Amino acid sequence: MRQTFEELKRTALLAALRKTRLFGGLPPEDVASVVSITEVRPLKKGEYLFRQGEPARGFYVVQRGAVCVSRSAPVGREHVIRVFRAGESFAEAALMSPGGYPADARAVEPSQVLLVKKEGFLALLRSHPELGLRMLASMSLHLRTLVEQLEDLTTKDVETRLVHWLLKRCPTDHDGPVMIQLDVTKRVLASELGTVSETLSRMFGRFRQAALAKVQGRTIIIPSPCKLREFLKERLGESTFAASAGGSSLRNLPPCAG
């Protein structure tokens with residue numbers, strides 16, 4: 001028997017939610033309960049999903065594309081909090097906040113997000129305690145990211161923050177050339193690092209001269225992650241480097257060959 005459009009849509013939503021960290025381990029019937037209160041929202045590049053202070057309608061899961069969550073400083077400069085990508089959820093804390101969304105959210109490329117509606121989800125939490133625990137874990141992860149970002153901004157210069165950002169996107173099992181696809185604009189990346197586009201371009205110019213990194217359009221080429229790690233160690237010192245690596249992929253790496 002052929003499925004109706006609504007049945008196909010429900011099946012697609014169920015599959016999308018089960019791929020996320022937030023809902024991945026839940027029983028199918030629990031995820032099905034979430035599907036019933038979920039709405040699909042396509043977004044054009046540059047379109048705002050919500051603005052700071054707007055009443056919270058719920059929280060969101062990125063199905064495809066990328067959404068930049070940011071706040072504007074009093075002087076008008078945008079500060080990127082984080083760019084969320086497929087499978088990641090955001091704005092969970094707004095469910096409990098009377099003040100609405102604490103930041104802006106804008107698609108940085110054509111995207112599609114899933115809105116899990118506030119009132120329906122709060123009702124589900126009362127009957128599904130496991131969902132509440134998962135929400136706490138998700139918000140804890142976001143808090144940890146913000147703390148790490150604040151530490152980067154207050155204890156490292158911009159060049160060091162850029163090297164750290166690049167290394168977190170390099171595999172640790174080999175030292176061959178690595179290509180990082182930049183899925184946001186350089187302006188957004190600069191804001192995420194706490195600087196401006198012009199400064200970021202100058203740093204990439206210096207990295208190119210030092211054979212540490214080369215930019216070709218939206219691709220960043222790292223000729224040798226090991227050389228980049230050694231550069232970071234020299235800037236931070238061995239003990240500070242270990243503390244900075246923390247639980248990330250930079251920790252417990254084999255020594256560079258040669």
# chains A, B, ... in the order shown; residues from 1 in each chain; ligands from 1

call {"tool": "select_by_dssp", "arguments": {"residues": "range 153-182 of chain A", "states": "alpha helix (DSSP H)", "output": "list in words"}}
result
Leu153, Thr154, Thr155, Val158, Glu159, Thr160, Arg161, Leu162, Val163, His164, Trp165, Leu166 and Leu167 of chain A

call {"tool": "select_by_dssp", "arguments": {"residues": "range 7-253 of chain A", "states": "strand (DSSP E or B)", "output": "number ranges by chain"}}
result
A: 38-43, 48-50, 58-64, 66-72, 78-85, 89-90, 104-107, 111-117, 178-181, 214-216, 219-222

call {"tool": "atom_distance", "arguments": {"atom1": "CA of Val113 in chain A", "atom2": "CA of Arg126 in chain A"}}
result
24.8 Å

call {"tool": "closest_residue", "arguments": {"among": "A:Ala94, A:Leu115, A:Ala16, A:Val108", "to": "Thr185 in chain A", "atoms": "only C-alpha atoms"}}
result
A:Val108

call {"tool": "residues_around", "arguments": {"residues": "Leu189 in chain A", "least_positions_apart": "2", "cutoff": "12 Å", "atoms": "only C-alpha atoms", "output": "VMD selection string"}}
result
chain A and resid 68 70 78 to 83 108 158 161 to 162 165 to 166 182 to 187 191 to 201 218

call {"tool": "residues_around", "arguments": {"residues": "range 47-58 of chain A", "least_positions_apart": "4", "cutoff": "10 Å", "atoms": "only C-alpha atoms", "output": "PyMOL selection string"}}
result
chain A and resi 37-38+41-43+67-72+90-111+113-122

call {"tool": "closest_residue", "arguments": {"among": "A:Ala66, A:Ala32, A:Ile220, A:Val40", "to": "Gly87 in chain A", "atoms": "only C-alpha atoms"}}
result
A:Ala66

call {"tool": "atom_distance", "arguments": {"atom1": "CA of Val31 in chain A", "atom2": "CA of Phe84 in chain A"}}
result
21.3 Å

call {"tool": "residues_around", "arguments": {"residues": "Ala15 in chain A", "least_positions_apart": "2", "cutoff": "12 Å", "atoms": "only C-alpha atoms", "output": "ChimeraX atom specification"}}
result
/A:8-13,17-20,23-24,28,31-32,34-35,63,87

call {"tool": "write_last_selection", "arguments": {"atoms": "C-alpha atoms", "output": "PDB file, in the first residue's frame"}}
result
ATOM      1  CA  LEU A   8       6.177  10.075   4.077  1.00  0.00           C
ATOM      2  CA  LYS A   9       6.734  13.442   5.748  1.00  0.00           C
ATOM      3  CA  ARG A  10       6.352  11.863   9.204  1.00  0.00           C
ATOM      4  CA  THR A  11       8.789   9.075   8.301  1.00  0.00           C
ATOM      5  CA  ALA A  12      11.350  11.636   7.087  1.00  0.00           C
ATOM      6  CA  LEU A  13      11.005  13.695  10.278  1.00  0.00           C
ATOM      7  CA  LEU A  17      15.313  13.445  14.641  1.00  0.00           C
ATOM      8  CA  ARG A  18      16.797  10.012  15.356  1.00  0.00           C
ATOM      9  CA  LYS A  19      20.091  11.164  13.773  1.00  0.00           C
ATOM     10  CA  THR A  20      20.510  13.953  16.339  1.00  0.00           C
ATOM     11  CA  PHE A  23      16.970  12.217  20.325  1.00  0.00           C
ATOM     12  CA  GLY A  24      19.247   9.531  18.875  1.00  0.00           C
ATOM     13  CA  PRO A  28      11.039   5.041  18.448  1.00  0.00           C
ATOM     14  CA  VAL A  31      10.730  10.136  19.032  1.00  0.00           C
ATOM     15  CA  ALA A  32       7.354   9.715  17.305  1.00  0.00           C
ATOM     16  CA  VAL A  34       8.310  14.593  19.272  1.00  0.00           C
ATOM     17  CA  VAL A  35       7.520  14.349  15.547  1.00  0.00           C
ATOM     18  CA  GLN A  63      18.256  19.266   9.284  1.00  0.00           C
ATOM     19  CA  GLY A  87      22.123  17.165  13.424  1.00  0.00           C
TER      20      GLY A  87
END

call {"tool": "closest_residue", "arguments": {"among": "A:Arg134, A:Ile222, A:Val62, A:Lys45", "to": "Met179 in chain A", "atoms": "only C-alpha atoms"}}
result
A:Ile222
